[in-house]
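**Q** Coordinates in target_28.cif, mmCIF, C-alpha atoms, pLDDT in the B column; chains and numbers go by the auth columns, are listed below.
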data_data
#
loop_
_atom_site.group_PDB
_atom_site.id
_atom_site.type_symbol
_atom_site.label_atom_id
_atom_site.label_comp_id
_atom_site.label_asym_id
_atom_site.label_seq_id
_atom_site.Cartn_x
_atom_site.Cartn_y
_atom_site.Cartn_z
_atom_site.B_iso_or_equiv
_atom_site.auth_seq_id
_atom_site.auth_asym_id
ATOM 1 C CA MET A 1 0.000 0.000 0.000 65.00 14 A
ATOM 2 C CA ILE A 2 1.384 3.384 -1.018 83.00 15 A
ATOM 3 C CA ASP A 3 0.346 6.047 1.433 91.00 16 A
ATOM 4 C CA ILE A 4 0.648 9.525 -0.072 96.00 17 A
ATOM 5 C CA ASP A 5 0.291 12.499 2.276 97.00 18 A
ATOM 6 C CA PHE A 6 -2.270 14.736 0.572 97.00 19 A
ATOM 7 C CA ASP A 7 -3.190 16.503 3.817 95.00 20 A
ATOM 8 C CA LYS A 8 0.015 18.526 4.178 92.00 21 A
ATOM 9 C CA MET A 9 -0.947 20.843 1.346 93.00 22 A
ATOM 10 C CA GLY A 10 -4.733 20.852 1.500 94.00 23 A
ATOM 11 C CA GLY A 11 -5.330 17.872 -0.781 97.00 24 A
ATOM 12 C CA LEU A 12 -2.497 18.443 -3.256 97.00 25 A
ATOM 13 C CA ILE A 13 1.033 17.134 -3.776 98.00 26 A
ATOM 14 C CA PRO A 14 3.705 18.572 -6.072 98.00 27 A
ATOM 15 C CA ALA A 15 4.672 16.286 -8.965 98.00 28 A
ATOM 16 C CA ILE A 16 8.030 16.877 -10.645 98.00 29 A
ATOM 17 C CA ILE A 17 8.078 15.824 -14.292 98.00 30 A
ATOM 18 C CA GLN A 18 11.437 14.724 -15.677 98.00 31 A
ATOM 19 C CA ASP A 19 12.374 13.591 -19.187 98.00 32 A
ATOM 20 C CA ASN A 20 13.013 9.845 -18.944 98.00 33 A
ATOM 21 C CA ASP A 21 15.790 9.925 -21.547 97.00 34 A
ATOM 22 C CA THR A 22 17.726 13.111 -20.787 97.00 35 A
ATOM 23 C CA GLY A 23 16.921 13.784 -17.119 97.00 36 A
ATOM 24 C CA GLU A 24 15.848 17.332 -17.990 98.00 37 A
ATOM 25 C CA VAL A 25 13.224 18.674 -15.582 98.00 38 A
ATOM 26 C CA LEU A 26 10.255 19.593 -17.777 98.00 39 A
ATOM 27 C CA MET A 27 7.638 20.992 -15.401 98.00 40 A
ATOM 28 C CA LEU A 28 6.031 20.840 -12.016 98.00 41 A
ATOM 29 C CA GLY A 29 2.356 20.185 -11.565 98.00 42 A
ATOM 30 C CA PHE A 30 0.055 19.465 -8.650 98.00 43 A
ATOM 31 C CA MET A 31 -1.987 16.310 -8.147 98.00 44 A
ATOM 32 C CA ASN A 32 -4.969 15.656 -5.947 98.00 45 A
ATOM 33 C CA LYS A 33 -5.906 12.079 -5.024 97.00 46 A
ATOM 34 C CA GLU A 34 -8.027 11.662 -8.152 97.00 47 A
ATOM 35 C CA ALA A 35 -5.224 12.916 -10.426 98.00 48 A
ATOM 36 C CA TRP A 36 -2.727 10.611 -8.719 98.00 49 A
ATOM 37 C CA GLU A 37 -4.995 7.585 -9.101 97.00 50 A
ATOM 38 C CA ASN A 38 -5.745 8.456 -12.716 97.00 51 A
ATOM 39 C CA THR A 39 -2.003 8.700 -13.406 98.00 52 A
ATOM 40 C CA LEU A 40 -1.449 5.232 -11.912 96.00 53 A
ATOM 41 C CA ALA A 41 -4.440 3.747 -13.721 96.00 54 A
ATOM 42 C CA THR A 42 -3.780 5.203 -17.180 97.00 55 A
ATOM 43 C CA GLY A 43 0.011 5.678 -17.270 97.00 56 A
ATOM 44 C CA LYS A 44 -0.562 9.252 -18.426 98.00 57 A
ATOM 45 C CA ALA A 45 0.423 12.153 -16.201 98.00 58 A
ATOM 46 C CA THR A 46 -2.709 13.745 -14.779 98.00 59 A
ATOM 47 C CA PHE A 47 -2.773 16.864 -12.643 98.00 60 A
ATOM 48 C CA PHE A 48 -5.179 19.081 -10.787 98.00 61 A
ATOM 49 C CA SER A 49 -5.255 22.500 -12.374 95.00 62 A
ATOM 50 C CA ARG A 50 -5.313 25.142 -9.649 89.00 63 A
ATOM 51 C CA THR A 51 -6.250 27.885 -12.080 87.00 64 A
ATOM 52 C CA ARG A 52 -9.069 25.934 -13.764 92.00 65 A
ATOM 53 C CA ASN A 53 -9.976 24.058 -10.551 94.00 66 A
ATOM 54 C CA LYS A 54 -10.413 20.707 -12.304 97.00 67 A
ATOM 55 C CA LEU A 55 -8.672 17.504 -13.301 97.00 68 A
ATOM 56 C CA TRP A 56 -6.204 18.054 -16.112 96.00 69 A
ATOM 57 C CA ILE A 57 -4.920 15.177 -18.213 97.00 70 A
ATOM 58 C CA LYS A 58 -1.743 16.713 -19.586 97.00 71 A
ATOM 59 C CA GLY A 59 -1.982 16.794 -23.369 94.00 72 A
ATOM 60 C CA GLU A 60 -5.753 16.363 -23.589 91.00 73 A
ATOM 61 C CA THR A 61 -5.963 19.519 -25.728 85.00 74 A
ATOM 62 C CA SER A 62 -2.644 19.468 -27.553 80.00 75 A
ATOM 63 C CA GLY A 63 -2.242 15.689 -27.851 89.00 76 A
ATOM 64 C CA ASN A 64 1.131 16.025 -26.172 90.00 77 A
ATOM 65 C CA VAL A 65 0.505 13.522 -23.394 97.00 78 A
ATOM 66 C CA GLN A 66 3.169 12.392 -20.937 98.00 79 A
ATOM 67 C CA LEU A 67 3.700 8.625 -20.872 98.00 80 A
ATOM 68 C CA VAL A 68 4.853 7.619 -17.392 98.00 81 A
ATOM 69 C CA LYS A 69 7.916 5.377 -17.328 98.00 82 A
ATOM 70 C CA GLU A 70 8.905 5.538 -13.671 98.00 83 A
ATOM 71 C CA ILE A 71 7.423 6.924 -10.458 98.00 84 A
ATOM 72 C CA ARG A 72 9.412 7.825 -7.353 98.00 85 A
ATOM 73 C CA ILE A 73 8.182 9.083 -3.983 98.00 86 A
ATOM 74 C CA ASP A 74 10.117 11.264 -1.566 97.00 87 A
ATOM 75 C CA CYS A 75 11.084 10.536 2.033 96.00 88 A
ATOM 76 C CA ASP A 76 8.065 12.386 3.451 95.00 89 A
ATOM 77 C CA ASN A 77 5.503 10.806 1.095 97.00 90 A
ATOM 78 C CA ASP A 78 4.387 14.279 0.066 97.00 91 A
ATOM 79 C CA THR A 79 6.090 14.777 -3.311 98.00 92 A
ATOM 80 C CA VAL A 80 6.350 12.542 -6.371 98.00 93 A
ATOM 81 C CA LEU A 81 8.806 12.410 -9.250 98.00 94 A
ATOM 82 C CA LEU A 82 7.640 11.098 -12.625 98.00 95 A
ATOM 83 C CA LYS A 83 10.008 10.127 -15.398 98.00 96 A
ATOM 84 C CA ILE A 84 8.093 10.391 -18.625 98.00 97 A
ATOM 85 C CA ASP A 85 8.232 10.280 -22.400 98.00 98 A
ATOM 86 C CA GLN A 86 6.845 13.563 -23.726 98.00 99 A
ATOM 87 C CA VAL A 87 4.751 13.039 -26.848 97.00 100 A
ATOM 88 C CA GLY A 88 5.390 15.910 -29.274 95.00 101 A
ATOM 89 C CA GLY A 89 8.661 16.791 -27.572 94.00 102 A
ATOM 90 C CA ALA A 90 7.493 19.882 -25.670 94.00 103 A
ATOM 91 C CA ALA A 91 5.977 19.928 -22.175 95.00 104 A
ATOM 92 C CA CYS A 92 5.392 23.666 -21.876 94.00 105 A
ATOM 93 C CA HIS A 93 2.248 25.391 -23.142 91.00 106 A
ATOM 94 C CA THR A 94 4.535 28.107 -24.541 93.00 107 A
ATOM 95 C CA GLY A 95 5.987 25.575 -26.984 93.00 108 A
ATOM 96 C CA PHE A 96 9.294 25.140 -25.200 96.00 109 A
ATOM 97 C CA LYS A 97 10.495 21.641 -24.318 96.00 110 A
ATOM 98 C CA SER A 98 10.690 22.509 -20.625 97.00 111 A
ATOM 99 C CA CYS A 99 8.741 25.069 -18.611 97.00 112 A
ATOM 100 C CA PHE A 100 12.129 26.004 -17.148 98.00 113 A
ATOM 101 C CA TYR A 101 13.369 27.719 -20.314 97.00 114 A
ATOM 102 C CA ARG A 102 14.631 30.806 -18.514 97.00 115 A
ATOM 103 C CA ILE A 103 17.819 31.045 -16.501 97.00 116 A
ATOM 104 C CA ILE A 104 19.006 33.749 -14.112 96.00 117 A
ATOM 105 C CA GLU A 105 22.257 35.294 -15.267 93.00 118 A
ATOM 106 C CA SER A 106 23.763 38.312 -13.522 89.00 119 A
ATOM 107 C CA GLY A 107 20.430 39.009 -11.876 89.00 120 A
ATOM 108 C CA GLU A 108 18.492 38.993 -15.173 93.00 121 A
ATOM 109 C CA LEU A 109 16.281 36.380 -16.830 95.00 122 A
ATOM 110 C CA LYS A 110 17.613 34.939 -20.050 96.00 123 A
ATOM 111 C CA THR A 111 15.711 32.599 -22.384 97.00 124 A
ATOM 112 C CA ILE A 112 17.449 29.366 -23.371 94.00 125 A
ATOM 113 C CA GLY A 113 16.704 27.619 -26.654 83.00 126 A
ATOM 114 C CA HIS A 114 13.733 27.984 -28.964 88.00 127 A
ATOM 115 C CA PRO A 115 10.091 26.832 -28.901 93.00 128 A
ATOM 116 C CA ILE A 116 9.385 23.434 -30.464 93.00 129 A
ATOM 117 C CA PHE A 117 5.827 24.299 -31.453 88.00 130 A
ATOM 118 C CA ASP A 118 3.733 27.415 -31.987 89.00 131 A
ATOM 119 C CA PRO A 119 1.066 27.617 -29.246 88.00 132 A
ATOM 120 C CA LYS A 120 -1.317 29.430 -31.600 86.00 133 A
ATOM 121 C CA GLU A 121 -1.267 26.412 -33.927 83.00 134 A
ATOM 122 C CA VAL A 122 -1.685 23.822 -31.180 77.00 135 A
ATOM 123 C CA TYR A 123 -4.286 25.488 -29.004 74.00 136 A
ATOM 124 C CA LYS A 124 -6.652 26.798 -31.624 69.00 137 A
ATOM 125 C CA LYS A 125 -8.630 29.172 -29.470 55.00 138 A
ATOM 126 C CA MET B 1 13.799 42.527 -12.290 65.00 15 B
ATOM 127 C CA ILE B 2 12.746 38.962 -11.560 84.00 16 B
ATOM 128 C CA ASP B 3 9.134 38.819 -10.472 91.00 17 B
ATOM 129 C CA ILE B 4 8.368 35.605 -8.604 96.00 18 B
ATOM 130 C CA ASP B 5 4.709 34.808 -7.891 97.00 19 B
ATOM 131 C CA PHE B 6 4.622 34.030 -4.169 97.00 20 B
ATOM 132 C CA ASP B 7 0.891 34.773 -3.904 95.00 21 B
ATOM 133 C CA LYS B 8 -0.356 31.695 -5.747 92.00 22 B
ATOM 134 C CA MET B 9 0.523 29.400 -2.836 93.00 23 B
ATOM 135 C CA GLY B 10 0.130 31.666 0.162 94.00 24 B
ATOM 136 C CA GLY B 11 3.667 33.049 0.207 97.00 25 B
ATOM 137 C CA LEU B 12 5.548 29.935 -0.891 97.00 26 B
ATOM 138 C CA ILE B 13 6.971 28.561 -4.124 98.00 27 B
ATOM 139 C CA PRO B 14 8.182 25.012 -4.779 98.00 28 B
ATOM 140 C CA ALA B 15 11.929 24.735 -5.466 98.00 29 B
ATOM 141 C CA ILE B 16 13.178 21.638 -7.287 98.00 30 B
ATOM 142 C CA ILE B 17 16.751 20.726 -6.380 98.00 31 B
ATOM 143 C CA GLN B 18 18.730 18.915 -9.062 98.00 32 B
ATOM 144 C CA ASP B 19 22.313 17.604 -8.970 98.00 33 B
ATOM 145 C CA ASN B 20 24.333 19.894 -11.229 98.00 34 B
ATOM 146 C CA ASP B 21 26.589 17.069 -12.443 97.00 35 B
ATOM 147 C CA THR B 22 24.265 14.096 -12.881 97.00 36 B
ATOM 148 C CA GLY B 23 20.835 15.726 -13.355 97.00 37 B
ATOM 149 C CA GLU B 24 19.409 13.544 -10.594 98.00 38 B
ATOM 150 C CA VAL B 25 16.499 15.223 -8.795 98.00 39 B
ATOM 151 C CA LEU B 26 17.539 15.339 -5.149 98.00 40 B
ATOM 152 C CA MET B 27 14.623 16.950 -3.312 98.00 41 B
ATOM 153 C CA LEU B 28 11.845 19.493 -3.397 98.00 42 B
ATOM 154 C CA GLY B 29 11.612 22.278 -0.861 98.00 43 B
ATOM 155 C CA PHE B 30 9.509 25.390 -0.442 98.00 44 B
ATOM 156 C CA MET B 31 10.794 28.948 -0.363 98.00 45 B
ATOM 157 C CA ASN B 32 9.194 32.099 0.909 98.00 46 B
ATOM 158 C CA LYS B 33 10.464 35.495 -0.252 97.00 47 B
ATOM 159 C CA GLU B 34 13.088 35.631 2.490 97.00 48 B
ATOM 160 C CA ALA B 35 14.402 32.144 1.648 98.00 49 B
ATOM 161 C CA TRP B 36 14.525 33.025 -2.051 98.00 50 B
ATOM 162 C CA GLU B 37 16.437 36.247 -1.417 97.00 51 B
ATOM 163 C CA ASN B 38 18.820 34.482 0.969 97.00 52 B
ATOM 164 C CA THR B 39 19.480 31.846 -1.693 98.00 53 B
ATOM 165 C CA LEU B 40 20.317 34.549 -4.247 96.00 54 B
ATOM 166 C CA ALA B 41 22.458 36.511 -1.762 96.00 55 B
ATOM 167 C CA THR B 42 24.468 33.589 -0.327 97.00 56 B
ATOM 168 C CA GLY B 43 24.523 31.040 -3.163 97.00 57 B
ATOM 169 C CA LYS B 44 23.340 28.420 -0.677 98.00 58 B
ATOM 170 C CA ALA B 45 19.907 26.845 -1.064 98.00 59 B
ATOM 171 C CA THR B 46 17.620 28.204 1.633 98.00 60 B
ATOM 172 C CA PHE B 47 14.070 27.048 2.247 98.00 61 B
ATOM 173 C CA PHE B 48 11.113 27.748 4.463 98.00 62 B
ATOM 174 C CA SER B 49 10.404 24.755 6.651 95.00 63 B
ATOM 175 C CA ARG B 50 6.668 24.186 6.800 89.00 64 B
ATOM 176 C CA THR B 51 6.965 21.769 9.718 88.00 65 B
ATOM 177 C CA ARG B 52 9.262 24.006 11.801 92.00 66 B
ATOM 178 C CA ASN B 53 7.693 27.220 10.460 94.00 67 B
ATOM 179 C CA LYS B 54 11.024 29.004 10.009 97.00 68 B
ATOM 180 C CA LEU B 55 13.820 29.746 7.561 97.00 69 B
ATOM 181 C CA TRP B 56 15.954 26.690 6.877 96.00 70 B
ATOM 182 C CA ILE B 57 19.411 26.986 5.380 97.00 71 B
ATOM 183 C CA LYS B 58 19.853 23.478 4.017 97.00 72 B
ATOM 184 C CA GLY B 59 22.870 21.888 5.699 94.00 73 B
ATOM 185 C CA GLU B 60 23.040 24.277 8.649 91.00 74 B
ATOM 186 C CA THR B 61 22.932 21.296 11.032 85.00 75 B
ATOM 187 C CA SER B 62 24.673 18.590 9.020 81.00 76 B
ATOM 188 C CA GLY B 63 27.146 20.823 7.155 89.00 77 B
ATOM 189 C CA ASN B 64 25.795 19.370 3.911 90.00 78 B
ATOM 190 C CA VAL B 65 24.956 22.680 2.255 97.00 79 B
ATOM 191 C CA GLN B 66 23.799 23.009 -1.353 98.00 80 B
ATOM 192 C CA LEU B 67 25.972 25.298 -3.486 98.00 81 B
ATOM 193 C CA VAL B 68 23.818 26.847 -6.192 98.00 82 B
ATOM 194 C CA LYS B 69 25.282 26.624 -9.699 98.00 83 B
ATOM 195 C CA GLU B 70 22.273 27.553 -11.814 98.00 84 B
ATOM 196 C CA ILE B 71 18.765 28.880 -11.256 98.00 85 B
ATOM 197 C CA ARG B 72 15.863 28.487 -13.664 98.00 86 B
ATOM 198 C CA ILE B 73 12.321 29.818 -13.398 98.00 87 B
ATOM 199 C CA ASP B 74 9.222 28.274 -14.923 98.00 88 B
ATOM 200 C CA CYS B 75 6.796 29.789 -17.412 96.00 89 B
ATOM 201 C CA ASP B 76 4.351 30.889 -14.700 95.00 90 B
ATOM 202 C CA ASN B 77 6.996 32.437 -12.416 97.00 91 B
ATOM 203 C CA ASP B 78 5.742 30.246 -9.576 97.00 92 B
ATOM 204 C CA THR B 79 8.314 27.427 -9.447 98.00 93 B
ATOM 205 C CA VAL B 80 12.113 27.474 -9.471 98.00 94 B
ATOM 206 C CA LEU B 81 14.701 24.859 -10.412 98.00 95 B
ATOM 207 C CA LEU B 82 18.116 24.966 -8.747 98.00 96 B
ATOM 208 C CA LYS B 83 21.078 23.004 -10.039 98.00 97 B
ATOM 209 C CA ILE B 84 23.432 22.519 -7.123 98.00 98 B
ATOM 210 C CA ASP B 85 26.571 20.852 -5.834 98.00 99 B
ATOM 211 C CA GLN B 86 25.638 18.826 -2.753 98.00 100 B
ATOM 212 C CA VAL B 87 28.333 19.016 -0.070 97.00 101 B
ATOM 213 C CA GLY B 88 28.655 15.605 1.605 95.00 102 B
ATOM 214 C CA GLY B 89 26.994 13.861 -1.331 94.00 103 B
ATOM 215 C CA ALA B 90 23.598 13.270 0.255 94.00 104 B
ATOM 216 C CA ALA B 91 20.634 15.657 0.172 95.00 105 B
ATOM 217 C CA CYS B 92 18.172 13.579 2.187 94.00 106 B
ATOM 218 C CA HIS B 93 17.986 13.643 5.983 91.00 107 B
ATOM 219 C CA THR B 94 17.698 9.842 5.853 93.00 108 B
ATOM 220 C CA GLY B 95 21.257 9.647 4.492 93.00 109 B
ATOM 221 C CA PHE B 96 20.263 8.826 0.937 96.00 110 B
ATOM 222 C CA LYS B 97 21.666 10.895 -1.921 96.00 111 B
ATOM 223 C CA SER B 98 18.180 11.835 -3.110 97.00 112 B
ATOM 224 C CA CYS B 99 14.936 12.110 -1.171 97.00 113 B
ATOM 225 C CA PHE B 100 13.443 10.144 -4.074 98.00 114 B
ATOM 226 C CA TYR B 101 15.100 6.837 -3.107 97.00 115 B
ATOM 227 C CA ARG B 102 11.912 4.802 -3.461 97.00 116 B
ATOM 228 C CA ILE B 103 10.355 3.671 -6.710 97.00 117 B
ATOM 229 C CA ILE B 104 6.944 2.183 -7.404 96.00 118 B
ATOM 230 C CA GLU B 105 7.199 -1.273 -8.921 93.00 119 B
ATOM 231 C CA SER B 106 4.126 -3.443 -9.495 89.00 120 B
ATOM 232 C CA GLY B 107 2.156 -1.249 -7.117 89.00 121 B
ATOM 233 C CA GLU B 108 4.687 -1.562 -4.280 93.00 122 B
ATOM 234 C CA LEU B 109 7.399 0.773 -2.993 95.00 123 B
ATOM 235 C CA LYS B 110 10.952 -0.451 -3.456 96.00 124 B
ATOM 236 C CA THR B 111 14.074 1.244 -2.044 97.00 125 B
ATOM 237 C CA ILE B 112 16.863 1.973 -4.505 94.00 126 B
ATOM 238 C CA GLY B 113 20.498 2.155 -3.435 83.00 127 B
ATOM 239 C CA HIS B 114 21.969 2.633 0.021 88.00 128 B
ATOM 240 C CA PRO B 115 22.350 5.550 2.444 93.00 129 B
ATOM 241 C CA ILE B 116 25.556 7.594 2.113 93.00 130 B
ATOM 242 C CA PHE B 117 25.613 8.619 5.777 88.00 131 B
ATOM 243 C CA ASP B 118 24.083 7.465 9.053 89.00 132 B
ATOM 244 C CA PRO B 119 21.560 10.087 10.226 88.00 133 B
ATOM 245 C CA LYS B 120 22.244 9.187 13.875 86.00 134 B
ATOM 246 C CA GLU B 121 25.888 10.196 13.429 83.00 135 B
ATOM 247 C CA VAL B 122 25.152 13.420 11.540 77.00 136 B
ATOM 248 C CA TYR B 123 22.221 14.761 13.551 73.00 137 B
ATOM 249 C CA LYS B 124 23.454 14.063 17.061 69.00 138 B
ATOM 250 C CA LYS B 125 20.190 14.562 18.877 54.00 139 B
#
How does this structure look as structure tokens?
**A**
Amino acid sequence: MIDIDFDKMGGLIPAIIQDNDTGEVLMLGFMNKEAWENTLATGKATFFSRTRNKLWIKGETSGNVQLVKEIRIDCDNDTVLLKIDQVGGAACHTGFKSCFYRIIESGELKTIGHPIFDPKEVYKK
Amino acid sequence: MIDIDFDKMGGLIPAIIQDNDTGEVLMLGFMNKEAWENTLATGKATFFSRTRNKLWIKGETSGNVQLVKEIRIDCDNDTVLLKIDQVGGAACHTGFKSCFYRIIESGELKTIGHPIFDPKEVYKK
């Protein structure tokens, strides 16, 4: 039995999403119990969207789902780490591979790399 | 100017800690504004401990500080990723290199690897 501590953060746990091949950290999302169980049941990363206040199967709009290859749990049972294969190559809604596409250099933000897709083409709305 | 969104989670942001050499995800902590600014000012990862309700310079007890080599910020400005050098080799208070030392296999938790230090020796209390 895997006992995840959802109480510590009011029903949510942070889920770190890491590229299974390269180890690059792609994003961080939050899961409630339903999102966690859906992830286990389907093998597709599922989150709870805090802004939309509903279950969010990553890629349900864009088709860029995250296929879960490995799941790890931290020492406190309150954070999970998912190693995934990113369909379409980009995890970020901006079109970048990783949501962490900006680095701090000399106190300023600098963008690294280029978008893989054009959000206007993918999210036609 | 780097504008971090501390409001989304009541004054805290998640900070993913990644080994600068290997890319292994070592832990996740939370930072408030003070912890974030202390991290930038000192180059040592500083968190806000939710259980102790106070600023927590990682390694202040064990000596195993985290020397920050790179900082990235996500697309929503509400999560940061720190690539660090882990003094002492282990980030987890249990003595394991990573807090994510357990993997889910066939629905069960399985421990990977061995502790690097003995917590009883390091935290003499």
**Q** Run the PyMOL selection byres ((chain A) within 6 of (chain B)) on the file and write out the hits as a ChimeraX atom specification.
**A** /A:36,84-88,112-113,115-117
**Q** Evaluated on this file, the PyMOL selection byres ((chain B and resi 47) around 10) picks out some residues - which ones are they, written as a PyMOL selection string?
**A** chain B and resi 18-20+25-27+45-46+48-53+61-62
**Q** Apply the PyMOL selection byres ((chain A and resi 57) around 10) to the structure shown and report the selected residues as number ranges by chain.
**A** A: 48, 51-56, 58-60, 70-72, 78-82, 97-98
**Q** Which is closest to Ala103 (chain A) among A:Phe43, A:Ser75, A:Asp20, A:Glu134, if we use all atoms listed in the file?
**A**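 Going through A:Phe43, A:Ser75, A:Asp20, A:Glu134 one by one, the smallest distance to Ala103 (chain A) is for A:Ser75.
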**Q** Interatomic distance between CA of Asp33 (chain B) and CA of Ser62 (chain A)?
**A** 28.2 Å
**Q** In Å, with one decimal, what is the gap from CA of Asp35 (chain B) to CA of Gly103 (chain B)?
**A**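 So the answer is 11.6 Å.
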**Q** Would you fill out region 109-129 of chain A with N, CA and C atoms and return it as a short mmCIF file (atom, residue, chain, number, x, y, z; two decimals), in the coordinates of the input?
**A**
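Below you can see part32.cif, which holds the result:
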data_model
loop_
_atom_site.label_atom_id
_atom_site.label_comp_id
_atom_site.auth_asym_id
_atom_site.auth_seq_id
_atom_site.Cartn_x
_atom_site.Cartn_y
_atom_site.Cartn_z
N PHE A 109 7.94 25.58 -25.56
CA PHE A 109 9.29 25.14 -25.20
C PHE A 109 9.26 23.70 -24.68
N LYS A 110 10.41 23.02 -24.80
CA LYS A 110 10.50 21.64 -24.32
C LYS A 110 10.20 21.58 -22.83
N SER A 111 10.85 22.46 -22.07
CA SER A 111 10.69 22.51 -20.62
C SER A 111 10.06 23.83 -20.23
N CYS A 112 9.25 23.81 -19.17
CA CYS A 112 8.74 25.07 -18.61
C CYS A 112 9.87 25.92 -18.04
N PHE A 113 10.99 25.28 -17.73
CA PHE A 113 12.13 26.00 -17.15
C PHE A 113 13.07 26.45 -18.27
N TYR A 114 12.58 27.29 -19.15
CA TYR A 114 13.37 27.72 -20.31
C TYR A 114 14.05 29.06 -20.07
N ARG A 115 13.95 29.55 -18.83
CA ARG A 115 14.63 30.81 -18.51
C ARG A 115 15.58 30.60 -17.34
N ILE A 116 16.75 31.20 -17.48
CA ILE A 116 17.82 31.04 -16.50
C ILE A 116 18.15 32.43 -15.95
N ILE A 117 18.57 32.47 -14.69
CA ILE A 117 19.01 33.75 -14.11
C ILE A 117 20.50 33.91 -14.36
N GLU A 118 20.85 34.99 -15.04
CA GLU A 118 22.26 35.29 -15.27
C GLU A 118 22.51 36.74 -14.90
N SER A 119 23.44 36.95 -13.99
CA SER A 119 23.76 38.31 -13.52
C SER A 119 22.51 39.07 -13.10
N GLY A 120 21.63 38.37 -12.41
CA GLY A 120 20.43 39.01 -11.88
C GLY A 120 19.32 39.25 -12.89
N GLU A 121 19.51 38.79 -14.13
CA GLU A 121 18.49 38.99 -15.17
C GLU A 121 18.04 37.65 -15.72
N LEU A 122 16.80 37.60 -16.21
CA LEU A 122 16.28 36.38 -16.83
C LEU A 122 16.71 36.31 -18.29
N LYS A 123 17.19 35.14 -18.68
CA LYS A 123 17.61 34.94 -20.05
C LYS A 123 16.95 33.67 -20.59
N THR A 124 16.37 33.76 -21.80
CA THR A 124 15.71 32.60 -22.38
C THR A 124 16.73 31.68 -23.05
N ILE A 125 16.56 30.37 -22.80
CA ILE A 125 17.45 29.37 -23.37
C ILE A 125 16.70 28.60 -24.45
N GLY A 126 17.30 28.44 -25.61
CA GLY A 126 16.70 27.62 -26.65
C GLY A 126 15.54 28.29 -27.37
N HIS A 127 14.82 27.48 -28.13
CA HIS A 127 13.73 27.98 -28.96
C HIS A 127 12.51 27.09 -28.80
N PRO A 128 11.30 27.64 -29.00
CA PRO A 128 10.09 26.83 -28.90
C PRO A 128 10.09 25.71 -29.94
N ILE A 129 9.50 24.58 -29.56
CA ILE A 129 9.38 23.43 -30.46
C ILE A 129 8.12 23.54 -31.30
#
